[in-house]
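Input: a single structure, listed below in structure tokens.
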Amino acid sequence: MGIKVLLIEDEEALQGLLEYNLQKEGFEVAIEGDGGEALVAVAEHSPDIVLLDWMLPHKNGIDICRALRKDKATKTLPIIMLTARAEEEDKLRGLGYGADDYITKPFSVSEVIARIRAVLRRTTPQMAENIASFADITLDRAQMRVTRAGRNITLGPTEFRLLEMLIRRPGRVYARAQLLDRVWGQDVYVEERTVDVHVGRLRKALNRPGERDPIRTVRAAGYALDETYKG
Ligand code: CA
């Protein structure tokens with residue numbers, strides 16, 4: 001499962017250039033061109049990182065960034081701001097509204113990719129490295145192996161991808177629709193109840209009788225790894 005980048009940018013030439021090159025690098029890419037729709041797009045696509053242009057129609061990047069930082073679901077979402085001039089970058093840095101990094105236009109595609117990787121390594125090491133761990137659970141992306149308290153856990157491919165998604169940001173609540181989108185893919189029609197079935201299988205594989213369940217069901221919202229679980 002790739003890392004999903006949401007590009008919020010109204011220049012069509014840049015949209016095409018970044019989409020093509022990011023996909024070539026193995027990223028999943030979603031695009032929104034209207035600042036007024038940015039928050040809806042973030043909720044809909046549940047990206048792993050956002051590239052956010054400053055000057056956008058209807059709502060500017062600074063206001064969007066502030067709104068994302070205020071919302072519990074997106075307050076730690078990695079954000080890289082795109083600005084048109086170096087002076088703007090200086091100004092943005094001074095504003096302290098919470099972007100993780102800044103890129104000044106014009107930029108090279110390889111610079112954007114390097115910055116995305118650097119920001120992810122810094123803000124979300126759980127996602128950027130091959131091995132992710134949460135309490136006594138370890139997930140190895142390269143070998144597709146999971147252990148809990150040192151014992152091997154056998155998971156089906158869907159359960160592995162579910163855990164891989166949840167472990168990227170422990171504590172973050174993923175709605176069923178978001179999990180369907182990210183784990184099953186946007187083009188597949190699956191009922192939301194299917195998510196419950198596979199979370200049930202994941203729990204059964206992870207938990208021995210009497211062991212605490214590290215997965216939290218959030219009423220009317222979805223699923224998350226339970227941050228209070230320490231193994
Ligand atoms: Ca713009």
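Ligands are numbered from 1 in the order shown, residues from 1 within each chain, and chains are lettered A, B, ... in the order they appear in the structure tokens.
Neighbouring residues of ligand 1 at a cut-off of 6 Å, counting only C-alpha atoms and all ligand atoms, are Glu9, Asp10, Glu11, Asp53, Met55 and Leu56 of chain A.
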Any idea what's packed within 10 Å of A:Leu92, counting only C-alpha atoms, ignoring anything in its chain fewer than 5 positions away? Could you give it as a compact mmCIF listing (two decimals) with N, CA and C atoms, in the first residue's frame?
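Dumped everything to selection-v3.txt:
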# COMPACT_ATOMS: atom_id res chain seq x y z
N TRP A 54 -0.10 28.01 -1.43
CA TRP A 54 -0.56 29.15 -0.62
C TRP A 54 -1.74 29.84 -1.30
N ILE A 62 -2.85 29.15 3.97
CA ILE A 62 -2.60 29.40 5.38
C ILE A 62 -3.84 29.09 6.21
N MET A 81 4.02 23.30 2.51
CA MET A 81 3.44 24.44 1.81
C MET A 81 4.24 24.76 0.55
N THR A 83 5.03 27.79 -2.11
CA THR A 83 4.91 29.24 -2.22
C THR A 83 5.52 29.71 -3.53
N ALA A 86 10.57 33.26 -2.76
CA ALA A 86 11.37 33.04 -1.55
C ALA A 86 10.96 33.98 -0.41
N GLU A 87 10.58 35.24 -0.78
CA GLU A 87 10.17 36.17 0.28
C GLU A 87 8.92 35.66 0.98
N TYR A 97 2.03 28.89 11.64
CA TYR A 97 0.69 28.30 11.62
C TYR A 97 0.75 26.80 11.46
N GLY A 98 1.96 26.25 11.45
CA GLY A 98 2.07 24.80 11.61
C GLY A 98 2.39 23.94 10.42
N ALA A 99 2.90 24.49 9.31
CA ALA A 99 3.34 23.60 8.23
C ALA A 99 4.65 22.93 8.64
N ASP A 101 7.03 21.92 6.40
CA ASP A 101 8.12 22.36 5.54
C ASP A 101 7.55 23.29 4.46
N TYR A 102 8.45 23.91 3.71
CA TYR A 102 8.07 24.89 2.68
C TYR A 102 8.88 24.62 1.43
Here is a test: counting only C-alpha atoms, which residue of A:His58, A:Arg85, A:Lys91, A:Arg216 is nearest to A:Gly171?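 Ranked by minimum distance to A:Gly171, first place goes to A:Arg216.
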| request: DSSP on the backbone, then: every residue of stretch 105-138 of chain A marked alpha helix (DSSP H), written as a PyMOL selection string. | output: chain A and resi 109-123+125-128
### Query
Got a sec to tell me which of stretch 190-224 of chain A DSSP assigns to strand (DSSP E), as a PyMOL selection string?
chain A and resi 215-218+222-224
Take the residues just selected and output them with all heavy atoms as a PDB file, in the first residue's frame.
ATOM      1  N   ILE A 215      -6.695  -2.755  19.519  1.00  0.00           N
ATOM      2  CA  ILE A 215      -7.504  -2.006  18.542  1.00  0.00           C
ATOM      3  C   ILE A 215      -8.745  -1.460  19.231  1.00  0.00           C
ATOM      4  O   ILE A 215      -9.444  -2.185  19.940  1.00  0.00           O
ATOM      5  CB  ILE A 215      -7.916  -2.897  17.352  1.00  0.00           C
ATOM      6  CG1 ILE A 215      -6.666  -3.442  16.647  1.00  0.00           C
ATOM      7  CG2 ILE A 215      -8.791  -2.118  16.358  1.00  0.00           C
ATOM      8  CD1 ILE A 215      -6.965  -4.495  15.610  1.00  0.00           C
ATOM      9  N   ARG A 216      -8.984  -0.197  19.011  1.00  0.00           N
ATOM     10  CA  ARG A 216     -10.118   0.470  19.638  1.00  0.00           C
ATOM     11  C   ARG A 216     -11.220   0.649  18.600  1.00  0.00           C
ATOM     12  O   ARG A 216     -10.950   1.110  17.482  1.00  0.00           O
ATOM     13  CB  ARG A 216      -9.648   1.844  20.117  1.00  0.00           C
ATOM     14  CG  ARG A 216     -10.506   2.523  21.141  1.00  0.00           C
ATOM     15  CD  ARG A 216      -9.657   3.565  21.889  1.00  0.00           C
ATOM     16  NE  ARG A 216      -9.282   4.678  21.013  1.00  0.00           N
ATOM     17  CZ  ARG A 216      -9.983   5.800  20.893  1.00  0.00           C
ATOM     18  NH1 ARG A 216     -11.113   5.966  21.563  1.00  0.00           N
ATOM     19  NH2 ARG A 216      -9.569   6.770  20.108  1.00  0.00           N
ATOM     20  N   THR A 217     -12.451   0.275  18.956  1.00  0.00           N
ATOM     21  CA  THR A 217     -13.598   0.580  18.103  1.00  0.00           C
ATOM     22  C   THR A 217     -14.170   1.899  18.598  1.00  0.00           C
ATOM     23  O   THR A 217     -14.509   2.024  19.771  1.00  0.00           O
ATOM     24  CB  THR A 217     -14.689  -0.501  18.221  1.00  0.00           C
ATOM     25  OG1 THR A 217     -14.103  -1.762  17.889  1.00  0.00           O
ATOM     26  CG2 THR A 217     -15.852  -0.222  17.275  1.00  0.00           C
ATOM     27  N   VAL A 218     -14.232   2.875  17.714  1.00  0.00           N
ATOM     28  CA  VAL A 218     -14.750   4.176  18.124  1.00  0.00           C
ATOM     29  C   VAL A 218     -16.175   4.280  17.611  1.00  0.00           C
ATOM     30  O   VAL A 218     -16.406   4.288  16.398  1.00  0.00           O
ATOM     31  CB  VAL A 218     -13.877   5.328  17.585  1.00  0.00           C
ATOM     32  CG1 VAL A 218     -14.350   6.662  18.115  1.00  0.00           C
ATOM     33  CG2 VAL A 218     -12.417   5.094  17.948  1.00  0.00           C
ATOM     34  N   GLY A 222     -15.154   4.719  13.735  1.00  0.00           N
ATOM     35  CA  GLY A 222     -14.289   3.783  13.021  1.00  0.00           C
ATOM     36  C   GLY A 222     -13.345   3.058  13.955  1.00  0.00           C
ATOM     37  O   GLY A 222     -13.722   2.704  15.072  1.00  0.00           O
ATOM     38  N   TYR A 223     -12.105   2.877  13.502  1.00  0.00           N
ATOM     39  CA  TYR A 223     -11.128   2.095  14.264  1.00  0.00           C
ATOM     40  C   TYR A 223      -9.824   2.858  14.408  1.00  0.00           C
ATOM     41  O   TYR A 223      -9.438   3.639  13.552  1.00  0.00           O
ATOM     42  CB  TYR A 223     -10.848   0.769  13.555  1.00  0.00           C
ATOM     43  CG  TYR A 223     -12.035  -0.141  13.490  1.00  0.00           C
ATOM     44  CD1 TYR A 223     -12.791  -0.255  12.325  1.00  0.00           C
ATOM     45  CD2 TYR A 223     -12.414  -0.895  14.603  1.00  0.00           C
ATOM     46  CE1 TYR A 223     -13.892  -1.097  12.266  1.00  0.00           C
ATOM     47  CE2 TYR A 223     -13.514  -1.745  14.557  1.00  0.00           C
ATOM     48  CZ  TYR A 223     -14.245  -1.835  13.379  1.00  0.00           C
ATOM     49  OH  TYR A 223     -15.335  -2.668  13.327  1.00  0.00           O
ATOM     50  N   ALA A 224      -9.120   2.536  15.513  1.00  0.00           N
ATOM     51  CA  ALA A 224      -7.799   3.129  15.744  1.00  0.00           C
ATOM     52  C   ALA A 224      -6.989   2.161  16.591  1.00  0.00           C
ATOM     53  O   ALA A 224      -7.552   1.294  17.267  1.00  0.00           O
ATOM     54  CB  ALA A 224      -7.941   4.456  16.491  1.00  0.00           C
TER      55      ALA A 224
END
So how many Å separate atom CA of A:Ala67 and atom CA of A:Val50, to one decimal?
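These two atoms are separated by 13.3 Å.
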Separating atom CA of A:Leu22 from atom CA of A:Ile8, to the nearest tenth of an Å, is a gap of 14.1 Å
